[in-house]
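Okay, target31.cif is below, mmCIF, C-alpha atoms:
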```
data_work
#
loop_
_atom_site.label_atom_id
_atom_site.label_comp_id
_atom_site.auth_asym_id
_atom_site.auth_seq_id
_atom_site.Cartn_x
_atom_site.Cartn_y
_atom_site.Cartn_z
CA MET A 5 -32.63 188.63 70.63
CA ILE A 6 -34.94 185.60 70.27
CA MET A 7 -35.13 183.40 73.34
CA ALA A 8 -36.67 179.98 73.88
CA ASP A 9 -39.15 181.11 76.55
CA LYS A 10 -42.55 181.68 74.93
CA PHE A 11 -42.96 184.76 77.14
CA SER A 12 -39.94 186.51 75.66
CA MET A 13 -40.38 189.02 72.84
CA THR A 14 -39.66 187.98 69.26
CA LYS A 15 -37.34 190.05 67.09
CA GLU A 16 -40.24 191.23 64.95
CA PHE A 17 -42.21 192.48 67.95
CA ASN A 18 -41.69 196.22 68.44
CA LEU A 19 -42.82 197.02 71.97
CA PHE A 20 -42.75 200.79 71.65
CA ASP A 21 -44.75 200.73 68.44
CA LYS A 22 -47.38 198.61 70.18
CA MET A 23 -47.72 200.96 73.14
CA ALA A 24 -47.41 204.18 71.15
CA LYS A 25 -50.97 205.27 71.97
CA HIS A 26 -50.73 204.33 75.64
CA GLU A 27 -49.38 206.48 78.42
CA GLN A 28 -47.71 203.72 80.38
CA VAL A 29 -47.27 199.95 80.37
CA VAL A 30 -45.89 198.24 83.46
CA PHE A 31 -44.46 194.71 83.34
CA CYS A 32 -44.69 193.05 86.74
CA ASN A 33 -42.37 190.19 87.63
CA ASP A 34 -42.07 188.48 91.01
CA PRO A 35 -40.20 185.17 90.71
CA SER A 36 -40.84 184.17 94.32
CA THR A 37 -44.63 184.00 93.74
CA GLY A 38 -44.59 183.27 90.01
CA LEU A 39 -46.34 186.56 89.24
CA ARG A 40 -46.05 187.72 85.64
CA ALA A 41 -48.46 190.53 84.89
CA ILE A 42 -48.97 193.57 82.69
CA ILE A 43 -50.68 196.81 83.72
CA ALA A 44 -51.66 199.00 80.77
CA ILE A 45 -52.66 202.63 81.30
CA HIS A 46 -54.18 204.02 78.12
CA ASP A 47 -55.33 207.56 78.94
CA THR A 48 -55.75 209.54 82.17
CA THR A 49 -57.18 212.74 80.71
CA LEU A 50 -60.48 212.25 82.53
CA GLY A 51 -58.89 210.92 85.72
CA PRO A 52 -56.90 207.96 87.05
CA ALA A 53 -57.09 204.79 85.00
CA LEU A 54 -59.78 202.33 86.00
CA GLY A 55 -60.00 198.73 84.84
CA GLY A 56 -60.25 195.17 86.09
CA CYS A 57 -57.57 192.50 86.27
CA ARG A 58 -58.06 189.28 84.36
CA MET A 59 -56.06 186.09 84.69
CA GLN A 60 -55.66 183.52 81.97
CA PRO A 61 -52.99 181.23 80.50
CA TYR A 62 -51.95 183.32 77.51
CA ASN A 63 -49.99 181.50 74.83
CA SER A 64 -47.35 184.22 74.58
CA LEU A 65 -46.26 187.54 76.00
CA GLU A 66 -47.40 189.23 72.78
CA GLU A 67 -50.89 187.81 73.23
CA ALA A 68 -51.07 188.99 76.85
CA LEU A 69 -49.85 192.46 75.91
CA GLU A 70 -52.28 192.74 73.00
CA ASP A 71 -55.14 191.88 75.35
CA ALA A 72 -54.06 194.43 77.96
CA LEU A 73 -53.62 197.19 75.36
CA ARG A 74 -56.92 196.48 73.63
CA LEU A 75 -58.92 196.25 76.86
CA SER A 76 -57.37 199.36 78.42
CA LYS A 77 -58.20 201.44 75.34
CA GLY A 78 -61.75 200.12 75.52
CA MET A 79 -61.96 201.26 79.13
CA THR A 80 -61.02 204.81 78.13
CA TYR A 81 -63.97 204.97 75.75
CA LYS A 82 -66.22 203.24 78.25
CA CYS A 83 -65.40 205.75 81.00
CA ALA A 84 -65.91 208.65 78.61
CA ALA A 85 -69.24 207.28 77.43
CA ALA A 86 -70.41 206.76 81.01
CA ASP A 87 -69.23 210.28 81.90
CA VAL A 88 -67.24 209.19 84.95
CA ASP A 89 -64.07 210.98 86.01
CA PHE A 90 -61.71 208.13 85.22
CA GLY A 91 -59.51 207.08 82.35
CA GLY A 92 -58.83 203.67 80.87
CA GLY A 93 -56.57 200.95 82.17
CA LYS A 94 -56.42 197.18 82.45
CA ALA A 95 -54.28 194.50 84.05
CA VAL A 96 -53.65 190.93 82.97
CA ILE A 97 -51.97 188.17 84.96
CA ILE A 98 -50.39 185.38 82.93
CA GLY A 99 -51.41 182.08 84.48
CA ASP A 100 -54.09 179.47 84.87
CA PRO A 101 -56.67 180.74 87.37
CA LYS A 102 -57.47 177.14 88.33
CA THR A 103 -53.93 176.17 89.30
CA ASP A 104 -51.62 179.19 89.57
CA LYS A 105 -53.34 181.39 92.16
CA SER A 106 -51.97 181.97 95.64
CA PRO A 107 -52.45 184.64 98.33
CA GLU A 108 -48.80 185.61 97.91
CA LEU A 109 -49.19 186.12 94.16
CA PHE A 110 -52.05 188.59 94.64
CA ARG A 111 -50.22 190.39 97.44
CA ALA A 112 -47.29 190.82 95.06
CA PHE A 113 -49.67 192.13 92.42
CA GLY A 114 -51.14 194.54 94.97
CA GLN A 115 -47.66 195.92 95.63
CA PHE A 116 -47.18 196.69 91.93
CA VAL A 117 -50.59 198.42 91.80
CA ASN A 118 -49.69 200.43 94.89
CA SER A 119 -46.38 201.52 93.35
CA LEU A 120 -48.36 203.49 90.75
CA GLY A 121 -49.57 205.86 93.47
CA GLY A 122 -53.21 206.03 92.43
CA ARG A 123 -52.75 206.22 88.65
CA PHE A 124 -54.53 202.88 88.37
CA TYR A 125 -57.52 201.38 90.20
CA THR A 126 -58.38 197.74 89.62
CA GLY A 127 -60.64 194.88 90.67
CA THR A 128 -62.04 191.59 89.45
CA ASP A 129 -62.37 190.50 85.85
CA MET A 130 -62.34 187.22 83.95
CA GLY A 131 -60.43 184.60 85.94
CA THR A 132 -60.21 186.61 89.17
CA THR A 133 -62.53 186.92 92.15
CA MET A 134 -62.99 189.21 95.11
CA ASP A 135 -61.40 186.54 97.30
CA ASP A 136 -58.21 187.09 95.27
CA PHE A 137 -58.32 190.82 95.82
CA ILE A 138 -58.84 190.51 99.56
CA HIS A 139 -55.17 189.48 99.52
CA ALA A 140 -54.18 192.30 97.15
CA MET A 141 -55.96 194.79 99.42
CA LYS A 142 -53.45 194.00 102.15
CA GLU A 143 -50.88 195.80 99.99
CA THR A 144 -52.90 198.56 98.32
CA ASN A 145 -56.04 200.64 98.69
CA PHE A 146 -56.43 201.05 94.94
CA VAL A 147 -58.92 198.20 94.59
CA ASN A 148 -62.62 198.68 93.87
CA GLY A 149 -65.71 196.73 92.94
CA LEU A 150 -65.86 195.44 96.51
CA PRO A 151 -68.55 193.31 98.15
CA GLU A 152 -70.82 195.15 100.57
CA VAL A 153 -69.25 193.36 103.54
CA TYR A 154 -65.98 195.13 102.66
CA GLY A 155 -67.60 198.52 102.21
CA GLY A 156 -68.24 198.25 98.47
CA GLY A 157 -71.28 198.63 96.28
CA GLY A 158 -72.00 194.91 96.00
CA ASP A 159 -73.09 193.00 92.93
CA SER A 160 -72.20 195.12 89.89
CA SER A 161 -74.17 192.83 87.59
CA ILE A 162 -77.36 194.51 88.84
CA PRO A 163 -76.66 197.96 87.29
CA THR A 164 -75.02 196.27 84.28
CA ALA A 165 -78.22 194.35 83.53
CA ALA A 166 -80.30 197.48 84.17
CA GLY A 167 -78.17 199.32 81.61
CA VAL A 168 -78.76 196.60 79.02
CA LEU A 169 -82.50 196.90 79.54
CA TYR A 170 -82.27 200.69 79.12
CA GLY A 171 -80.33 200.11 75.89
CA ILE A 172 -83.05 197.77 74.65
CA LYS A 173 -85.72 200.29 75.62
CA ALA A 174 -83.95 203.02 73.63
CA THR A 175 -83.65 200.70 70.64
CA ASN A 176 -87.33 199.79 70.81
CA GLN A 177 -88.21 203.48 70.97
CA LEU A 178 -86.30 204.18 67.76
CA LEU A 179 -87.50 201.10 65.86
CA TYR A 180 -91.07 200.80 67.06
CA GLY A 181 -92.00 204.18 68.53
CA SER A 182 -92.41 202.72 72.02
CA ASP A 183 -89.84 201.69 74.59
CA GLU A 184 -92.00 198.94 76.08
CA LEU A 185 -90.05 195.70 76.49
CA GLY A 186 -92.83 193.15 76.32
CA GLN A 187 -93.97 193.64 72.75
CA GLN A 188 -90.85 192.31 71.01
CA THR A 189 -88.96 189.02 70.83
CA TYR A 190 -85.34 188.59 71.89
CA ALA A 191 -82.57 186.03 71.24
CA ILE A 192 -80.32 186.00 74.31
CA GLN A 193 -76.87 184.43 74.17
CA GLY A 194 -75.58 183.64 77.66
CA LEU A 195 -77.30 183.40 81.03
CA GLY A 196 -74.50 184.41 83.34
CA LYS A 197 -74.84 187.00 86.08
CA VAL A 198 -75.87 189.73 83.65
CA GLY A 199 -77.63 187.70 80.96
CA PHE A 200 -79.85 185.92 83.47
CA LYS A 201 -81.00 189.23 84.98
CA VAL A 202 -81.67 190.66 81.51
CA ALA A 203 -83.67 187.58 80.52
CA SER A 204 -85.64 187.71 83.77
CA GLY A 205 -86.43 191.39 83.24
CA LEU A 206 -87.70 190.74 79.72
CA LEU A 207 -89.84 187.82 80.90
CA GLU A 208 -91.34 189.94 83.64
CA ALA A 209 -92.25 192.51 80.99
CA GLY A 210 -94.09 189.79 79.07
CA ALA A 211 -91.58 189.25 76.26
CA HIS A 212 -90.97 186.07 74.28
CA ILE A 213 -87.29 185.14 74.51
CA TYR A 214 -85.04 182.55 72.89
CA VAL A 215 -82.08 181.60 75.07
CA THR A 216 -78.93 179.52 74.92
CA ASP A 217 -76.21 178.76 77.46
CA ILE A 218 -73.64 176.04 78.03
CA ASN A 219 -74.82 175.69 81.64
CA GLU A 220 -77.85 173.39 81.93
CA GLU A 221 -78.64 174.68 85.42
CA SER A 222 -79.00 178.22 84.08
CA LEU A 223 -81.40 177.01 81.41
CA LYS A 224 -83.51 175.22 84.00
CA ALA A 225 -83.49 178.29 86.22
CA ILE A 226 -84.73 180.63 83.48
CA GLU A 227 -87.55 178.19 82.70
CA GLU A 228 -88.56 178.41 86.36
CA VAL A 229 -88.60 182.21 86.11
CA ALA A 230 -90.71 182.06 82.95
CA ALA A 231 -93.27 179.86 84.71
CA LYS A 232 -93.91 182.71 87.16
CA THR A 233 -94.07 185.56 84.63
CA PRO A 234 -96.25 186.54 81.65
CA GLY A 235 -93.33 185.99 79.28
CA LYS A 236 -92.33 182.88 77.35
CA VAL A 237 -88.95 181.20 76.96
CA GLN A 238 -87.67 178.83 74.30
CA ILE A 239 -84.29 177.10 74.63
CA VAL A 240 -82.25 176.72 71.45
CA ALA A 241 -78.89 175.18 70.56
CA ASN A 242 -75.80 177.36 70.91
CA ASP A 243 -75.18 177.89 67.20
CA ASP A 244 -78.88 178.34 66.45
CA ILE A 245 -79.17 181.48 68.54
CA TYR A 246 -77.79 183.57 65.66
CA SER A 247 -80.52 182.55 63.21
CA GLN A 248 -83.61 183.05 65.36
CA GLU A 249 -86.34 185.21 63.85
CA ALA A 250 -86.37 187.58 66.81
CA ASP A 251 -86.52 191.36 66.87
CA ILE A 252 -83.32 191.91 68.87
CA PHE A 253 -80.22 189.78 69.42
CA VAL A 254 -78.88 190.17 72.99
CA PRO A 255 -75.28 188.87 73.29
CA CYS A 256 -74.33 188.44 76.96
CA ALA A 257 -71.48 185.94 76.71
CA PHE A 258 -68.47 186.02 74.40
CA GLY A 259 -66.73 188.78 72.48
CA GLY A 260 -66.08 188.68 68.74
CA ILE A 261 -69.43 187.04 68.02
CA ILE A 262 -70.35 189.54 65.29
CA ASN A 263 -68.19 188.30 62.43
CA ASP A 264 -68.15 186.98 58.88
CA THR A 265 -69.76 183.71 59.95
CA THR A 266 -72.58 185.04 62.10
CA ILE A 267 -73.66 188.19 60.25
CA PRO A 268 -75.23 186.29 57.32
CA LYS A 269 -77.29 184.29 59.83
CA PHE A 270 -78.85 187.26 61.63
CA LYS A 271 -82.55 187.90 61.01
CA VAL A 272 -82.92 190.51 63.75
CA LYS A 273 -83.45 194.25 63.44
CA ALA A 274 -80.97 195.21 66.17
CA ILE A 275 -78.18 193.94 68.43
CA VAL A 276 -78.07 195.15 72.04
CA GLY A 277 -76.14 193.22 74.68
CA SER A 278 -73.60 193.19 77.49
CA ALA A 279 -70.78 191.12 75.96
CA ASN A 280 -67.51 193.02 75.56
CA ASN A 281 -65.94 193.62 72.13
CA GLN A 282 -68.82 192.10 70.18
CA LEU A 283 -67.50 193.24 66.80
CA LEU A 284 -64.64 191.00 65.75
CA ASP A 285 -63.38 193.83 63.52
CA ASP A 286 -64.45 197.42 62.80
CA ARG A 287 -65.57 196.43 59.32
CA HIS A 288 -68.24 194.21 60.83
CA GLY A 289 -70.01 197.32 62.08
CA LYS A 290 -70.24 198.45 58.48
CA LEU A 291 -71.56 195.06 57.41
CA LEU A 292 -74.31 195.29 60.03
CA ARG A 293 -75.23 198.77 58.83
CA ASP A 294 -75.36 197.62 55.21
CA LYS A 295 -77.63 194.75 56.24
CA GLY A 296 -79.95 197.18 58.04
CA ILE A 297 -79.21 195.89 61.54
CA LEU A 298 -78.97 198.53 64.26
CA TYR A 299 -76.00 197.97 66.57
CA ALA A 300 -75.82 199.42 70.09
CA PRO A 301 -72.11 199.89 70.96
CA ASP A 302 -71.40 197.41 73.73
CA TYR A 303 -69.23 199.66 75.86
CA ILE A 304 -72.16 202.05 76.32
CA VAL A 305 -74.77 199.35 76.87
CA ASN A 306 -72.76 197.46 79.49
CA SER A 307 -71.42 200.47 81.42
CA GLY A 308 -73.75 200.12 84.41
CA GLY A 309 -71.22 198.03 86.31
CA LEU A 310 -68.47 200.55 85.59
CA ILE A 311 -70.71 203.35 86.85
CA GLN A 312 -71.14 201.53 90.16
CA VAL A 313 -67.45 200.73 90.50
CA ALA A 314 -66.43 204.33 89.78
CA ASP A 315 -69.09 205.73 92.09
CA GLU A 316 -67.95 203.42 94.89
CA LEU A 317 -64.81 205.51 95.39
CA TYR A 318 -66.92 208.48 96.48
CA GLY A 319 -69.07 206.58 98.97
CA ILE A 320 -71.81 204.01 98.45
CA ASN A 321 -75.07 205.38 97.04
CA LYS A 322 -77.13 202.87 95.07
CA GLU A 323 -79.80 205.41 94.10
CA ARG A 324 -77.13 207.64 92.55
CA VAL A 325 -75.74 204.67 90.60
CA LEU A 326 -79.12 203.67 89.19
CA ALA A 327 -79.95 207.29 88.34
CA LYS A 328 -76.73 207.57 86.34
CA THR A 329 -77.33 204.19 84.72
CA LYS A 330 -80.61 205.50 83.30
CA HIS A 331 -78.60 207.89 81.11
CA ILE A 332 -77.52 204.89 79.02
CA TYR A 333 -80.95 205.23 77.39
CA ASP A 334 -80.17 208.80 76.28
CA ALA A 335 -76.61 207.98 75.24
CA ILE A 336 -77.75 205.14 72.96
CA LEU A 337 -80.39 207.32 71.31
CA GLU A 338 -77.80 210.08 70.79
CA VAL A 339 -75.48 207.62 69.04
CA TYR A 340 -78.28 206.27 66.86
CA GLN A 341 -79.33 209.75 65.81
CA ASP A 342 -75.80 210.88 65.01
CA ALA A 343 -75.10 207.76 62.96
CA ALA A 344 -78.32 208.20 61.01
CA SER A 345 -77.60 211.84 60.16
CA SER A 346 -73.88 211.44 59.42
CA GLY A 347 -73.79 208.10 57.63
CA LYS A 348 -71.27 206.73 60.11
CA THR A 349 -71.67 203.40 61.82
CA THR A 350 -72.98 203.52 65.37
CA GLU A 351 -69.57 202.37 66.61
CA GLU A 352 -67.89 205.26 64.78
CA SER A 353 -70.41 207.73 66.19
CA ALA A 354 -69.90 206.41 69.72
CA ASN A 355 -66.11 206.59 69.43
CA GLU A 356 -66.29 210.13 68.08
CA MET A 357 -68.59 211.18 70.92
CA CYS A 358 -66.10 209.80 73.46
CA GLU A 359 -63.09 211.40 71.75
CA LYS A 360 -64.79 214.79 71.75
CA ARG A 361 -65.60 214.44 75.45
CA ILE A 362 -62.01 213.55 76.28
CA GLU A 363 -60.63 216.41 74.19
CA SER A 364 -63.02 218.96 75.69
CA ARG A 365 -61.76 218.14 79.16
CA ARG A 366 -58.10 217.86 78.35
CA LYS A 367 -57.42 221.37 79.63
CA ARG A 368 -59.86 221.20 82.52
CA ASN A 369 -58.60 218.25 84.56
CA SER A 370 -55.36 219.49 86.09
CA PHE A 371 -55.59 216.95 88.90
CA TYR A 372 -57.13 213.57 89.50
CA SER A 373 -60.74 214.01 90.48
CA ALA A 374 -60.93 210.72 92.36
CA PRO A 375 -60.00 210.57 96.05
CA THR A 376 -56.44 209.51 96.79
CA LYS A 377 -57.80 206.45 98.56
CA PRO A 378 -61.20 204.83 98.96
CA LYS A 379 -63.04 205.98 102.07
CA TRP A 380 -62.83 202.46 103.46
CA SER A 381 -59.31 201.23 104.05
CA PHE A 382 -57.96 197.71 104.27
CA ASN A 383 -54.35 198.62 103.67
CA LYS A 384 -51.59 196.71 105.40
CA ILE A 385 -53.83 194.39 107.40
CA GLN A 386 -51.70 191.35 108.10
#
```
Would you put the structure from the file into structure tokens?
Amino acid sequence: MIMADKFSMTKEFNLFDKMAKHEQVVFCNDPSTGLRAIIAIHDTTLGPALGGCRMQPYNSLEEALEDALRLSKGMTYKCAAADVDFGGGKAVIIGDPKTDKSPELFRAFGQFVNSLGGRFYTGTDMGTTMDDFIHAMKETNFVNGLPEVYGGGGDSSIPTAAGVLYGIKATNQLLYGSDELGQQTYAIQGLGKVGFKVASGLLEAGAHIYVTDINEESLKAIEEVAAKTPGKVQIVANDDIYSQEADIFVPCAFGGIINDTTIPKFKVKAIVGSANNQLLDDRHGKLLRDKGILYAPDYIVNSGGLIQVADELYGINKERVLAKTKHIYDAILEVYQDAASSGKTTEESANEMCEKRIESRRKRNSFYSAPTKPKWSFNKIQ
């Protein structure tokens, strides 16, 4: 039946076909708080599903569901690539994060998360903050990515940025025979929490970087960093970042930026960055390969934050997190080598590596390897 509400399903939309490759999809509805959310659990072979919760004003229920399904599948591969004992999941809340948030809404969401009994751990993502999840934590312990003051690992952008730098080092090693950072040039798109740290690290290594960001304050701040380092920075217009004659393009902002419009503009030898879902479509990975541009699969490069969030559930140990983050270097080289020998794209090689890892453990994980609850508890504080 077709209804007038844009968040109802159209007749042509087959829900079960859409979720055929997912274990479970939970629709959350709480009229008293206005909560409308979707929790998608893709695969729990490696352990309970792990994935953040984003909030945005989706145009339709189909759009919100598509986002949850796509992101949760990506988390499965990301967890497998990072070799953490978790599967893939994701939650989306339908609403404007600027106007529709309330403590009651996030407490209601926490109750839905808690009803899954540990099959799904969540935390912040686009449109949500830790302040939101302080309310959710009053209803569930299955929240991670916490600030240090609440017993968490703190700023996850630190290991994420470290992982990007390890990915760049591995790429330099393959292309130039040395993993030194300061000898190449880089075009960096986005100076957010991760991008700014990546840019700063490259400047400190003596690199020449081209940067763009919509935030003028971030641009001024990176110029101040450059003034204190041996590196050089040049600010370029947003659309011009794709055509810079740099060695490596470092996308740290939006997804879908590798597409039919941008690929002809690239003059780089490789793409290594933290942005999620950089390839607009799988075929764009093939176009990069045909153009001779090396692509580091984003879900491996940006997995440092995931490593910290997953590790948090076993007790805080920053040295352990950084040690595990260093393996991103080896994982990227392994993908490059497999792609070169097999003729596959790097994305295909990375996906195959993850699928083999999941399959090899399918008969080994007879129980969830994560603790039932985080060691630090905030549950039911009123």
When the PyMOL selection byres ((chain A and resi 24) around 12) is applied to the structure above, which residues does it catch, written out as a ChimeraX atom specification?
/A:18-23,25-29,44-47,73,77
Just how far from CA of Asn281 in chain A is CA of Leu326 in chain A, in Å to one decimal?
23.8 Å
When the PyMOL selection byres ((chain A and resi 169) around 10) is applied to the structure above, which residues does it catch, written out as a PyMOL selection string?
chain A and resi 163-168+170-175+185+201-203+205-206+276-278+305-306+330+332-333
Shell of 9 Å around Gly260 in chain A, only C-alpha atoms, local chain residues under 2 positions omitted, as a ChimeraX atom specification
/A:258,262-263,279-285
List the residues matched by the PyMOL selection byres ((chain A and resi 336-341) around 12) in the displayed structure as a PyMOL selection string, ordered by chain and then by residue number.
chain A and resi 85-86+167-179+183+274+276+293+297-307+329-335+342-358
Quote the spacing between CA of Ser222 in chain A and CA of Gly194 in chain A in Å to one decimal place.
9.1 Å
When you draw a straight line from CA of Gly99 in chain A to CA of Gly56 in chain A, how long is it in Å?
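Here the two named atoms are 15.9 Å from each other.
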Using all atoms listed in the file, find the one residue out of A:Gly289, A:Pro61, A:Gly296, A:Gly196 that sits nearest to Asn219 in chain A.
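Among A:Gly289, A:Pro61, A:Gly296, A:Gly196, it is A:Gly196 that comes nearest to Asn219 in chain A.
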Would you list the contacts of Thr128 in chain A as a PDB file with C-alpha atoms, in the coordinates of the input, taking every protein, DNA or RNA residue within 6 Å and counting only C-alpha atoms, but skipping same-chain residues closer than 2 positions in sequence?
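File produced: around39.pdb:
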```
ATOM      1  CA  GLY A  56     -60.250 195.170  86.090  1.00  0.00           C
ATOM      2  CA  CYS A  57     -57.570 192.500  86.270  1.00  0.00           C
ATOM      3  CA  THR A 132     -60.210 186.610  89.170  1.00  0.00           C
ATOM      4  CA  THR A 133     -62.530 186.920  92.150  1.00  0.00           C
TER       5      THR A 133
END
```
Which residues are near Ile97 in chain A? Cut-off 6 Å, only C-alpha atoms, ignore same chain within fewer than 4 positions. Put them as JSON, numbers by chain.
{"A": [40, 41, 59]}
Polymer residues at most 12 Å from Phe270 in chain A, all atoms listed in the file, same-chain spacing of 3 or more positions, as a short mmCIF file (atom, residue, chain, number, x, y, z; two decimals) with C-alpha atoms, keeping the file's coordinate frame:
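Output saved as around.cif:
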```
data_model
loop_
_atom_site.label_atom_id
_atom_site.label_comp_id
_atom_site.auth_asym_id
_atom_site.auth_seq_id
_atom_site.Cartn_x
_atom_site.Cartn_y
_atom_site.Cartn_z
CA ALA A 191 -82.57 186.03 71.24
CA ASP A 243 -75.18 177.89 67.20
CA ASP A 244 -78.88 178.34 66.45
CA ILE A 245 -79.17 181.48 68.54
CA TYR A 246 -77.79 183.57 65.66
CA SER A 247 -80.52 182.55 63.21
CA GLN A 248 -83.61 183.05 65.36
CA GLU A 249 -86.34 185.21 63.85
CA ALA A 250 -86.37 187.58 66.81
CA ASP A 251 -86.52 191.36 66.87
CA ILE A 252 -83.32 191.91 68.87
CA PHE A 253 -80.22 189.78 69.42
CA VAL A 254 -78.88 190.17 72.99
CA ILE A 261 -69.43 187.04 68.02
CA ILE A 262 -70.35 189.54 65.29
CA ASN A 263 -68.19 188.30 62.43
CA ASP A 264 -68.15 186.98 58.88
CA THR A 265 -69.76 183.71 59.95
CA THR A 266 -72.58 185.04 62.10
CA ILE A 267 -73.66 188.19 60.25
CA LYS A 273 -83.45 194.25 63.44
CA ALA A 274 -80.97 195.21 66.17
CA ILE A 275 -78.18 193.94 68.43
CA LEU A 291 -71.56 195.06 57.41
CA LEU A 292 -74.31 195.29 60.03
CA LYS A 295 -77.63 194.75 56.24
CA GLY A 296 -79.95 197.18 58.04
CA ILE A 297 -79.21 195.89 61.54
CA LEU A 298 -78.97 198.53 64.26
#
```
One residue among A:Glu67, A:Phe146, A:Gln60, A:Ser119 is nearest to Gly131 in chain A when using all atoms listed in the file, and that residue is A:Gln60
Write out as number ranges by chain which residues come within 9 Å of Gln187 in chain A when counting all atoms listed in the file, dropping same-chain ones fewer than 5 positions away.
A: 209-212
Taking into account all atoms listed in the file, which residue in the set A:Arg366, A:Ala314, A:Glu221, A:Pro234 is nearest to Thr48 in chain A?
A:Arg366
Counting all atoms listed in the file, which residue out of A:Gln193, A:Gly155, A:Asn148, A:Pro52 sits closest to Gly259 in chain A?
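With all atoms listed in the file as the atom set, the closest residue is A:Gln193.
Taking only C-alpha atoms into account, Gln115 in chain A lies nearest to A:Cys32 out of the set A:Thr49, A:Tyr190, A:Ala95, A:Cys32.
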With 6 Å on each side, where is the centre of the axis-aligned box around all listed atoms of range 35-50 of chain A, and how long are its edges in Å to one decimal, as lines of an AutoDock Vina configuration file?
```
center_x = -50.3
center_y = 198.0
center_z = 86.2
size_x = 32.3
size_y = 41.5
size_z = 28.2
```
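Distances to Gly199 in chain A were evaluated for A:Asp217, A:Asp89, A:Asp100, A:Glu228 using only C-alpha atoms, and the minimum falls at A:Asp217.
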Please reconstruct the missing atoms of range 21-35 of chain A (target: N, CA and C atoms) and return them as a PDB file, in the frame of the given file.
```pdb
ATOM      1  N   ASP A  21     -43.719 200.499  69.448  1.00  0.00           N
ATOM      2  CA  ASP A  21     -44.750 200.730  68.440  1.00  0.00           C
ATOM      3  C   ASP A  21     -46.114 200.274  68.967  1.00  0.00           C
ATOM      4  N   LYS A  22     -46.123 199.137  69.647  1.00  0.00           N
ATOM      5  CA  LYS A  22     -47.380 198.610  70.180  1.00  0.00           C
ATOM      6  C   LYS A  22     -48.002 199.532  71.202  1.00  0.00           C
ATOM      7  N   MET A  23     -47.191 200.131  72.062  1.00  0.00           N
ATOM      8  CA  MET A  23     -47.720 200.960  73.140  1.00  0.00           C
ATOM      9  C   MET A  23     -47.677 202.451  72.821  1.00  0.00           C
ATOM     10  N   ALA A  24     -47.565 202.773  71.536  1.00  0.00           N
ATOM     11  CA  ALA A  24     -47.410 204.180  71.150  1.00  0.00           C
ATOM     12  C   ALA A  24     -48.585 205.050  71.570  1.00  0.00           C
ATOM     13  N   LYS A  25     -49.785 204.485  71.621  1.00  0.00           N
ATOM     14  CA  LYS A  25     -50.970 205.270  71.970  1.00  0.00           C
ATOM     15  C   LYS A  25     -51.357 205.104  73.432  1.00  0.00           C
ATOM     16  N   HIS A  26     -50.493 204.500  74.219  1.00  0.00           N
ATOM     17  CA  HIS A  26     -50.730 204.330  75.640  1.00  0.00           C
ATOM     18  C   HIS A  26     -49.769 205.209  76.446  1.00  0.00           C
ATOM     19  N   GLU A  27     -50.235 205.655  77.587  1.00  0.00           N
ATOM     20  CA  GLU A  27     -49.380 206.480  78.420  1.00  0.00           C
ATOM     21  C   GLU A  27     -48.284 205.677  79.108  1.00  0.00           C
ATOM     22  N   GLN A  28     -48.647 204.490  79.566  1.00  0.00           N
ATOM     23  CA  GLN A  28     -47.710 203.720  80.380  1.00  0.00           C
ATOM     24  C   GLN A  28     -48.079 202.243  80.351  1.00  0.00           C
ATOM     25  N   VAL A  29     -47.070 201.391  80.254  1.00  0.00           N
ATOM     26  CA  VAL A  29     -47.270 199.950  80.370  1.00  0.00           C
ATOM     27  C   VAL A  29     -46.255 199.424  81.376  1.00  0.00           C
ATOM     28  N   VAL A  30     -46.743 198.732  82.387  1.00  0.00           N
ATOM     29  CA  VAL A  30     -45.890 198.240  83.460  1.00  0.00           C
ATOM     30  C   VAL A  30     -45.842 196.712  83.403  1.00  0.00           C
ATOM     31  N   PHE A  31     -44.644 196.164  83.297  1.00  0.00           N
ATOM     32  CA  PHE A  31     -44.460 194.710  83.340  1.00  0.00           C
ATOM     33  C   PHE A  31     -44.096 194.323  84.775  1.00  0.00           C
ATOM     34  N   CYS A  32     -44.855 193.426  85.344  1.00  0.00           N
ATOM     35  CA  CYS A  32     -44.690 193.050  86.740  1.00  0.00           C
ATOM     36  C   CYS A  32     -44.132 191.635  86.830  1.00  0.00           C
ATOM     37  N   ASN A  33     -43.021 191.489  87.523  1.00  0.00           N
ATOM     38  CA  ASN A  33     -42.370 190.190  87.630  1.00  0.00           C
ATOM     39  C   ASN A  33     -41.958 189.940  89.071  1.00  0.00           C
ATOM     40  N   ASP A  34     -42.446 188.856  89.655  1.00  0.00           N
ATOM     41  CA  ASP A  34     -42.070 188.480  91.010  1.00  0.00           C
ATOM     42  C   ASP A  34     -41.784 186.983  91.035  1.00  0.00           C
ATOM     43  N   PRO A  35     -40.533 186.599  90.820  1.00  0.00           N
ATOM     44  CA  PRO A  35     -40.200 185.170  90.710  1.00  0.00           C
ATOM     45  C   PRO A  35     -40.590 184.346  91.929  1.00  0.00           C
TER      46      PRO A  35
END
```
